[in-house]
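Source file work-v6.txt; content: compact mmCIF, C-alpha atoms.
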# COMPACT_ATOMS: atom_id res chain seq x y z
CA MET A 272 143.21 104.72 95.21
CA LEU A 273 145.29 102.02 96.91
CA PHE A 274 144.56 99.37 94.26
CA PRO A 275 144.01 100.93 90.80
CA ASP A 276 142.97 97.55 89.35
CA ARG A 277 140.35 97.05 91.99
CA TYR A 278 137.42 97.38 89.57
CA GLN A 279 139.08 95.76 86.54
CA ARG A 280 136.75 92.75 86.69
CA ASN A 281 133.65 94.93 86.95
CA ALA A 282 134.29 95.95 83.32
CA VAL A 283 132.74 95.94 80.81
CA SER A 284 129.48 95.07 82.54
CA VAL A 285 130.11 98.27 84.49
CA THR A 286 131.84 100.81 82.25
CA ALA A 287 134.43 103.31 83.45
CA GLU A 288 131.81 106.06 83.31
CA GLU A 289 129.35 103.95 85.31
CA GLN A 290 132.06 103.14 87.85
CA GLU A 291 132.42 106.87 88.43
CA ILE A 292 128.64 107.17 88.93
CA LEU A 293 128.77 104.40 91.53
CA LYS A 294 131.65 106.15 93.28
CA ASN A 295 129.52 109.29 93.63
CA ALA A 296 126.42 107.39 94.78
CA SER A 297 125.19 107.20 98.35
CA VAL A 298 123.07 104.29 99.60
CA LEU A 299 121.32 103.69 102.90
CA VAL A 300 121.14 100.05 104.02
CA ALA A 301 118.60 99.60 106.81
CA GLY A 302 119.61 96.48 108.72
CA CYS A 303 123.14 95.06 108.90
CA GLY A 304 122.18 91.45 109.64
CA GLY A 305 121.28 88.55 107.34
CA LEU A 306 120.42 90.57 104.26
CA GLY A 307 122.19 93.83 105.09
CA GLY A 308 125.57 92.24 105.76
CA TYR A 309 125.76 90.73 102.28
CA VAL A 310 124.25 93.84 100.65
CA ILE A 311 126.88 96.08 102.28
CA GLU A 312 129.71 93.70 101.33
CA LEU A 313 128.59 93.58 97.69
CA LEU A 314 127.98 97.32 97.35
CA ALA A 315 131.41 98.04 98.85
CA ARG A 316 133.10 95.57 96.51
CA VAL A 317 131.34 96.86 93.39
CA GLY A 318 132.40 100.41 94.31
CA VAL A 319 129.43 102.33 95.69
CA GLY A 320 131.24 105.33 97.17
CA SER A 321 129.14 106.09 100.21
CA ILE A 322 127.16 103.61 102.32
CA THR A 323 125.24 104.21 105.54
CA GLY A 324 124.44 101.11 107.57
CA VAL A 325 121.70 101.37 110.20
CA ASP A 326 121.24 98.75 112.90
CA GLY A 327 120.68 99.07 116.64
CA ASP A 328 121.19 95.37 117.34
CA VAL A 329 124.17 93.38 118.52
CA PHE A 330 125.15 89.93 117.27
CA GLN A 331 123.66 86.88 118.96
CA PRO A 332 124.67 83.23 118.56
CA SER A 333 121.57 82.55 116.44
CA ASN A 334 122.93 85.01 113.84
CA LEU A 335 126.01 82.88 113.10
CA ASN A 336 124.22 80.67 110.56
CA ARG A 337 123.69 83.50 108.04
CA GLN A 338 124.87 86.97 109.05
CA LEU A 339 128.07 87.65 107.14
CA PHE A 340 129.69 89.98 109.64
CA SER A 341 128.94 87.81 112.67
CA LYS A 342 131.79 85.78 114.16
CA GLU A 343 132.21 83.70 117.28
CA SER A 344 134.51 86.47 118.51
CA ASN A 345 132.08 89.38 118.06
CA ILE A 346 128.92 88.03 119.71
CA GLY A 347 127.46 90.95 121.68
CA SER A 348 129.06 93.55 119.39
CA SER A 349 127.22 96.13 117.29
CA LYS A 350 126.17 94.93 113.82
CA ALA A 351 126.61 98.40 112.30
CA GLU A 352 130.11 98.74 113.75
CA ALA A 353 131.04 95.28 112.48
CA ALA A 354 129.93 96.39 109.02
CA MET A 355 132.12 99.48 109.27
CA ILE A 356 135.15 97.38 110.25
CA ARG A 357 134.53 94.95 107.39
CA VAL A 358 134.12 97.67 104.75
CA ALA A 359 137.35 99.34 105.88
CA GLU A 360 139.12 96.00 105.40
CA ILE A 361 137.82 95.30 101.90
CA ASN A 362 137.57 98.75 100.29
CA SER A 363 139.12 101.77 101.98
CA ASP A 364 137.83 103.99 99.17
CA VAL A 365 134.27 103.55 100.44
CA SER A 366 132.98 106.05 102.98
CA PHE A 367 130.92 104.01 105.46
CA THR A 368 128.77 105.56 108.16
CA ALA A 369 127.65 103.26 110.96
CA VAL A 370 124.42 104.22 112.70
CA CYS A 371 124.21 102.10 115.85
CA GLY A 372 120.53 102.72 116.48
CA MET A 373 117.16 101.78 115.06
CA LEU A 374 115.51 103.52 112.14
CA THR A 375 112.73 105.68 113.59
CA GLU A 376 110.16 108.21 112.39
CA GLU A 377 112.40 110.83 114.01
CA ASN A 378 115.67 109.97 112.23
CA ALA A 379 114.51 108.43 108.94
CA ASP A 380 114.23 111.63 106.89
CA ALA A 381 117.65 112.89 107.94
CA LEU A 382 119.26 109.51 107.27
CA LEU A 383 117.78 109.37 103.76
CA SER A 384 118.75 112.92 102.84
CA GLY A 385 121.07 112.88 99.83
CA LYS A 386 120.79 109.13 99.27
CA SER A 387 120.30 107.59 95.82
CA VAL A 388 118.60 104.39 96.94
CA ALA A 389 117.33 102.87 100.20
CA VAL A 390 117.78 99.14 100.79
CA ASP A 391 115.24 97.41 103.02
CA ALA A 392 117.21 94.71 104.83
CA LEU A 393 115.03 94.84 107.93
CA ASP A 394 113.20 92.00 109.67
CA ASN A 395 109.73 93.25 110.58
CA ALA A 396 106.74 94.83 108.85
CA GLU A 397 106.60 98.04 110.89
CA SER A 398 110.19 99.09 110.18
CA ARG A 399 109.90 98.14 106.52
CA LEU A 400 106.80 100.33 106.13
CA LEU A 401 108.50 103.16 108.00
CA LEU A 402 111.43 103.02 105.57
CA ALA A 403 109.11 102.86 102.54
CA ARG A 404 107.26 105.98 103.69
CA ALA A 405 110.51 107.85 104.33
CA ALA A 406 111.95 106.79 100.97
CA GLY A 407 108.76 108.04 99.34
CA ARG A 408 109.15 111.42 101.04
CA ALA A 409 112.77 111.52 99.89
CA GLY A 410 111.68 110.69 96.34
CA ILE A 411 113.99 107.70 96.03
CA PRO A 412 113.36 104.00 95.31
CA MET A 413 113.51 101.38 98.06
CA VAL A 414 114.72 97.87 97.29
CA HIS A 415 112.69 95.46 99.41
CA GLY A 416 114.00 92.00 100.22
CA ALA A 417 112.63 89.34 102.55
CA ILE A 418 113.33 85.68 103.23
CA SER A 419 111.68 82.70 104.87
CA GLY A 420 113.11 79.21 104.79
CA TRP A 421 114.21 78.34 101.23
CA HIS A 422 112.35 81.28 99.79
CA THR A 423 113.35 84.82 98.74
CA ARG A 424 111.30 87.82 97.66
CA ILE A 425 112.45 91.13 96.24
CA TYR A 426 110.76 94.05 94.63
CA THR A 427 111.48 97.70 94.21
CA VAL A 428 109.12 100.19 95.80
CA MET A 429 108.93 103.40 93.77
CA PRO A 430 107.99 106.63 95.59
CA GLY A 431 104.26 106.71 96.27
CA ASP A 432 103.39 103.38 94.61
CA GLY A 433 101.85 102.04 97.85
CA LEU A 434 102.58 98.43 96.92
CA LEU A 435 104.32 97.48 100.14
CA GLU A 436 101.48 98.90 102.22
CA ALA A 437 98.99 96.93 100.11
CA LEU A 438 100.93 93.69 100.43
CA PHE A 439 101.27 94.07 104.19
CA ALA A 440 97.68 95.32 104.67
CA GLY A 441 96.37 91.90 105.63
CA GLY A 442 98.82 91.75 108.52
CA GLY A 443 99.65 88.22 109.46
CA THR A 444 102.79 86.51 110.57
CA GLY A 445 105.97 86.13 108.55
CA ALA A 446 106.45 82.54 107.43
CA GLU A 447 110.05 82.75 108.67
CA LYS A 448 108.60 82.24 112.16
CA ILE A 449 107.95 78.62 111.25
CA LEU A 450 110.43 78.10 108.38
CA GLY A 451 113.54 79.87 109.73
CA ASN A 452 116.16 81.83 107.75
CA LEU A 453 118.75 79.84 105.82
CA PRO A 454 122.23 81.18 104.93
CA PHE A 455 122.09 80.69 101.16
CA THR A 456 118.61 82.20 101.04
CA ALA A 457 119.90 85.36 102.73
CA ALA A 458 122.92 85.49 100.40
CA LEU A 459 120.80 85.10 97.26
CA CYS A 460 118.20 87.66 98.28
CA ALA A 461 120.92 90.15 99.22
CA SER A 462 122.67 89.58 95.88
CA GLN A 463 119.43 90.34 94.09
CA GLN A 464 118.99 93.49 96.20
CA ALA A 465 122.57 94.64 95.55
CA ALA A 466 122.24 94.11 91.80
CA GLU A 467 118.94 95.97 91.82
CA THR A 468 120.51 98.86 93.75
CA VAL A 469 123.36 99.16 91.26
CA LYS A 470 120.90 99.10 88.33
CA LEU A 471 118.80 101.83 89.93
CA ILE A 472 121.88 104.00 90.48
CA LEU A 473 123.05 103.49 86.91
CA GLY A 474 119.60 103.62 85.32
CA LYS A 475 120.15 100.41 83.39
CA GLY A 476 118.40 97.08 82.98
CA ASP A 477 114.86 96.07 83.94
CA THR A 478 114.19 96.68 87.60
CA ALA A 479 111.83 94.87 89.95
CA ALA A 480 109.53 97.89 90.16
CA GLY A 481 105.90 96.79 89.83
CA ARG A 482 106.70 93.09 90.08
CA ILE A 483 107.57 90.68 92.83
CA ILE A 484 110.40 88.28 92.10
CA GLU A 485 110.01 85.05 94.09
CA THR A 486 112.64 82.35 94.29
CA ASP A 487 112.20 78.94 95.89
CA LEU A 488 115.58 77.29 96.32
CA LEU A 489 114.12 73.93 97.35
CA ASP A 490 112.15 73.65 94.10
CA MET A 491 114.74 75.80 92.28
CA THR A 492 112.00 77.91 90.75
CA PHE A 493 111.98 81.60 89.89
CA GLU A 494 108.66 83.40 89.49
CA GLU A 495 107.48 86.89 88.57
CA ILE A 496 104.20 88.32 89.91
CA LYS A 497 103.18 91.61 88.38
CA LEU A 498 101.66 94.21 90.70
CA ARG A 499 99.81 97.42 90.03
CA MET B 1093 82.03 80.75 89.68
CA LYS B 1094 85.56 79.64 88.80
CA ILE B 1095 88.68 81.12 90.36
CA ASN B 1096 92.16 80.51 89.00
CA VAL B 1097 94.67 80.14 91.80
CA HIS B 1098 98.45 80.23 91.56
CA PHE B 1099 100.31 79.13 94.67
CA TYR B 1100 103.81 80.39 95.50
CA CYS B 1101 103.76 78.94 98.97
CA SER B 1102 104.44 75.23 98.60
CA ARG B 1103 106.48 75.11 101.80
CA ILE B 1104 103.41 75.61 103.96
CA VAL B 1105 100.33 74.84 101.84
CA GLY B 1106 101.52 71.73 100.05
CA LYS B 1107 102.91 70.98 96.61
CA ALA B 1108 100.05 72.50 94.64
CA ARG B 1109 101.30 75.04 92.09
CA GLU B 1110 98.01 76.06 90.52
CA GLY B 1111 94.39 75.09 90.43
CA GLU B 1112 90.90 76.13 89.43
CA TYR B 1113 88.30 76.16 92.17
CA GLU B 1114 84.53 76.31 91.87
CA VAL B 1115 83.05 78.49 94.63
CA PRO B 1116 79.60 80.12 95.10
CA GLU B 1117 78.93 83.65 93.84
CA GLY B 1118 80.01 86.17 96.47
CA ALA B 1119 82.76 83.94 97.85
CA ASP B 1120 85.84 85.66 99.23
CA ILE B 1121 89.52 84.73 99.14
CA ALA B 1122 89.25 82.83 102.43
CA ALA B 1123 86.53 80.63 100.93
CA VAL B 1124 88.75 79.76 97.98
CA MET B 1125 91.58 78.92 100.36
CA GLN B 1126 89.21 76.66 102.29
CA ALA B 1127 88.35 74.86 99.04
CA ALA B 1128 92.07 74.48 98.29
CA ALA B 1129 92.74 73.20 101.79
CA ASP B 1130 89.94 70.65 101.47
CA GLU B 1131 91.38 69.40 98.20
CA ASN B 1132 94.92 69.21 99.57
CA GLY B 1133 93.87 67.64 102.86
CA THR B 1134 95.41 70.49 104.84
CA PHE B 1135 93.99 72.66 107.60
CA ILE B 1136 93.46 76.30 106.70
CA GLU B 1137 93.75 77.34 110.37
CA ASP B 1138 97.34 76.12 110.35
CA TYR B 1139 98.64 78.43 107.66
CA MET B 1140 96.19 81.23 106.77
CA LYS B 1141 98.03 83.78 108.94
CA TYR B 1142 101.25 83.16 107.01
CA LEU B 1143 99.74 84.02 103.61
CA THR B 1144 99.16 87.16 101.59
CA PHE B 1145 97.16 87.49 98.39
CA VAL B 1146 97.28 89.20 95.01
CA ARG B 1147 94.01 89.39 93.05
CA ASN B 1148 94.40 90.25 89.36
CA SER B 1149 97.77 91.94 90.04
CA LYS B 1150 96.51 93.93 93.05
CA ALA B 1151 97.25 93.02 96.66
CA ALA B 1152 94.03 92.05 98.44
CA PRO B 1153 93.07 90.99 101.99
CA ALA B 1154 91.51 87.59 102.68
CA ASP B 1155 87.98 88.99 102.98
CA THR B 1156 88.02 90.35 99.40
CA VAL B 1157 84.96 89.16 97.46
CA LEU B 1158 85.96 87.57 94.16
CA SER B 1159 84.42 87.56 90.70
CA ASP B 1160 84.15 84.77 88.17
CA GLY B 1161 87.41 84.31 86.28
CA ASP B 1162 89.57 86.12 88.82
CA ARG B 1163 93.22 85.16 89.02
CA LEU B 1164 94.35 84.76 92.61
CA THR B 1165 98.03 84.53 93.54
CA VAL B 1166 98.85 83.15 96.97
CA LEU B 1167 102.17 84.15 98.53
CA MET B 1168 103.78 83.46 101.86
CA GLN B 1169 103.98 86.54 104.04
CA ALA B 1170 107.69 87.12 104.64
CA TYR B 1171 109.42 89.68 106.81
CA GLY B 1172 112.66 87.84 107.52
CA GLY B 1173 116.09 89.33 107.01
Can you present the structure in this file as structure tokens?
Amino acid sequence: MLFPDRYQRNAVSVTAEEQEILKNASVLVAGCGGLGGYVIELLARVGVGSITGVDGDVFQPSNLNRQLFSKESNIGSSKAEAAMIRVAEINSDVSFTAVCGMLTEENADALLSGKSVAVDALDNAESRLLLARAAGRAGIPMVHGAISGWHTRIYTVMPGDGLLEALFAGGGTGAEKILGNLPFTAALCASQQAAETVKLILGKGDTAAGRIIETDLLDMTFEEIKLR
Amino acid sequence: MKINVHFYCSRIVGKAREGEYEVPEGADIAAVMQAAADENGTFIEDYMKYLTFVRNSKAAPADTVLSDGDRLTVLMQAYGG
């Protein structure tokens, strides 16, 4: 390890034994944009040893307001490759695999093989449901996060619980189409997702399984909605 | 019958946080939302497609028929990332 004190300030909230568990963990982050960029940054900094970032998109100017790895100089570049470059800069002990393509029914099972947790940092219902089904087949939890305007939502989908399918069953249009996606909303939601991922890997704390956690940053309110 | 409604969607529906609405027997979620829209002076056509619903802790589509005393939670549909 290049910097032995790297994780000094993780302690004692993360113990030395837990740090070793994180080092041996492998997480798939689907989407390397608004949510995924921050999630990848935080997981790399906390010491998750292996991260796979999946994104077939390239950066556009409209991403600059919130997507951590976007820069004026990398517009048109791959989001997954930008994530790989960033992770190499901040923690060379992390093994990062960039998948510069979309998550599909054909590649999802292979991408989730051997993973501890899947993080849903996608931006549409179809891909989110695809990931939930694949995570269910893999027998691992999926940490769902979504934003619209000043508002964040996370919850953890456990294998076979069907909650995401039920919530999306009515179809409809994401409110972000009219409310936009703000930078601090993306950062907060991603922080919640990263913390949830670490808790799931370590088996500690109360997770967001079976409950939606809603935050409204304009009202500064934090709500819990239980689901079954 | 009376339906308890909790709104977590103030950005598009209005500032209402919760309310109790009197609707006829056999009314569905959409009917309750119409009653809420009437009270708030908003137009249901403007925002219904951006909402999703939880009835007594179970996700439910807008055409779900409700029962007296049900607790309805109204959320914004969100897919953004």
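CA of Ala465 in chain A is found 21.1 Å from CA of Asp432 in chain A.
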For range 331-333 of chain A: contacts at 10 Å, all atoms listed in the file, fewer than 4 positions along chain excluded, given as a VMD selection string:
chain A and resid 337 to 338 341 to 343 345 to 348 350
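Proximity of A:Thr444, A:Thr478, A:Thr323, A:Thr492 to chain B, computed with only C-alpha atoms, is greatest for A:Thr444.
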Each residue of chain B lying at most 10 Å from chain A should get a row with its shortest atom-to-atom pair and the distance in Å to one decimal, counting all atoms listed in the file; could you produce that, ordered by chain and increasing number, as CSV?
residue,atom,partner,partner_atom,distance
B:Tyr1100,CA,A:Glu485,CA,7.9
B:Cys1101,CA,A:His422,CA,8.9
B:Ser1102,CA,A:Asp487,CA,9.0
B:Arg1103,CA,A:Leu450,CA,8.2
B:Ile1104,CA,A:Ala446,CA,8.3
B:Lys1107,CA,A:Asp490,CA,9.9
B:Tyr1139,CA,A:Ala446,CA,8.8
B:Met1140,CA,A:Gly443,CA,8.3
B:Lys1141,CA,A:Gly443,CA,4.8
B:Tyr1142,CA,A:Thr444,CA,5.1
B:Leu1143,CA,A:Gly443,CA,7.2
B:Thr1144,CA,A:Gly441,CA,6.8
B:Phe1145,CA,A:Leu438,CA,7.5
B:Val1146,CA,A:Leu438,CA,7.9
B:Arg1147,CA,A:Leu498,CA,9.3
B:Asn1148,CA,A:Leu498,CA,8.4
B:Ser1149,CA,A:Leu498,CA,4.6
B:Lys1150,CA,A:Leu498,CA,5.7
B:Ala1151,CA,A:Leu438,CA,5.3
B:Ala1152,CA,A:Ala437,CA,7.2
B:Pro1153,CA,A:Gly441,CA,5.0
B:Ala1154,CA,A:Gly441,CA,7.1
B:Asp1155,CA,A:Gly441,CA,9.3
B:Thr1165,CA,A:Ile496,CA,8.1
B:Leu1167,CA,A:Glu485,CA,9.1
B:Met1168,CA,A:Ala446,CA,6.2
B:Gln1169,CA,A:Gly445,CA,4.9
B:Ala1170,CA,A:Gly445,CA,4.4
B:Tyr1171,CA,A:Asn395,CA,5.2
B:Gly1172,CA,A:Asp394,CA,4.7
B:Gly1173,CA,A:Asp394,CA,4.7
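Our summary of the geometry notes that CA of Val428 in chain A is positioned 24.8 Å from CA of Ser284 in chain A.
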What does the distance between CA of Leu293 in chain A and CA of Gly318 in chain A come to in Å, to one decimal place?
6.1 Å
Skipping near chain neighbours, those fewer than 6 positions away, what residues fall within 10 Å of Gly431 in chain A using only C-alpha atoms, listed as a count of residues only?
8
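Remark: for Cys371 in chain A, the closest of the candidate residues A:Thr468, A:Val325, A:Gly385, A:Ser398 is A:Val325 (distances computed over only C-alpha atoms).
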Show which residues sit within 12 Å of Asp364 in chain A, as JSON, numbers by chain. Count only C-alpha atoms, and ignore same-chain residues fewer than 3 positions away.
{"A": [272, 273, 274, 275, 277, 278, 293, 294, 295, 315, 316, 317, 318, 319, 320, 321, 322, 358, 359, 360, 361, 367]}
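Residues lying within 7 Å of Gly1161 in chain B, counting all atoms listed in the file and ignoring same-chain neighbours fewer than 4 positions away, are Lys1094, Ile1095 and Asn1096 of chain B.
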(96.2, 70.8, 96.7) in this file's frame - what residues fall within 12 Å of it? Use only C-alpha atoms and give the answer as an mmCIF file with C-alpha atoms, keeping the file's coordinate frame.
data_model
loop_
_atom_site.group_PDB
_atom_site.id
_atom_site.type_symbol
_atom_site.label_atom_id
_atom_site.label_comp_id
_atom_site.auth_asym_id
_atom_site.auth_seq_id
_atom_site.Cartn_x
_atom_site.Cartn_y
_atom_site.Cartn_z
ATOM 1 C CA VAL B 1097 94.670 80.140 91.800
ATOM 2 C CA HIS B 1098 98.450 80.230 91.560
ATOM 3 C CA PHE B 1099 100.310 79.130 94.670
ATOM 4 C CA CYS B 1101 103.760 78.940 98.970
ATOM 5 C CA SER B 1102 104.440 75.230 98.600
ATOM 6 C CA ILE B 1104 103.410 75.610 103.960
ATOM 7 C CA VAL B 1105 100.330 74.840 101.840
ATOM 8 C CA GLY B 1106 101.520 71.730 100.050
ATOM 9 C CA LYS B 1107 102.910 70.980 96.610
ATOM 10 C CA ALA B 1108 100.050 72.500 94.640
ATOM 11 C CA ARG B 1109 101.300 75.040 92.090
ATOM 12 C CA GLU B 1110 98.010 76.060 90.520
ATOM 13 C CA GLY B 1111 94.390 75.090 90.430
ATOM 14 C CA GLU B 1112 90.900 76.130 89.430
ATOM 15 C CA TYR B 1113 88.300 76.160 92.170
ATOM 16 C CA VAL B 1124 88.750 79.760 97.980
ATOM 17 C CA MET B 1125 91.580 78.920 100.360
ATOM 18 C CA GLN B 1126 89.210 76.660 102.290
ATOM 19 C CA ALA B 1127 88.350 74.860 99.040
ATOM 20 C CA ALA B 1128 92.070 74.480 98.290
ATOM 21 C CA ALA B 1129 92.740 73.200 101.790
ATOM 22 C CA ASP B 1130 89.940 70.650 101.470
ATOM 23 C CA GLU B 1131 91.380 69.400 98.200
ATOM 24 C CA ASN B 1132 94.920 69.210 99.570
ATOM 25 C CA GLY B 1133 93.870 67.640 102.860
ATOM 26 C CA THR B 1134 95.410 70.490 104.840
ATOM 27 C CA PHE B 1135 93.990 72.660 107.600
ATOM 28 C CA ILE B 1136 93.460 76.300 106.700
#
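With distances restricted to all atoms listed in the file, A:Val310 is the closest residue to Leu459 in chain A from A:Val310, A:Ala369, A:Leu471, A:Ala479.
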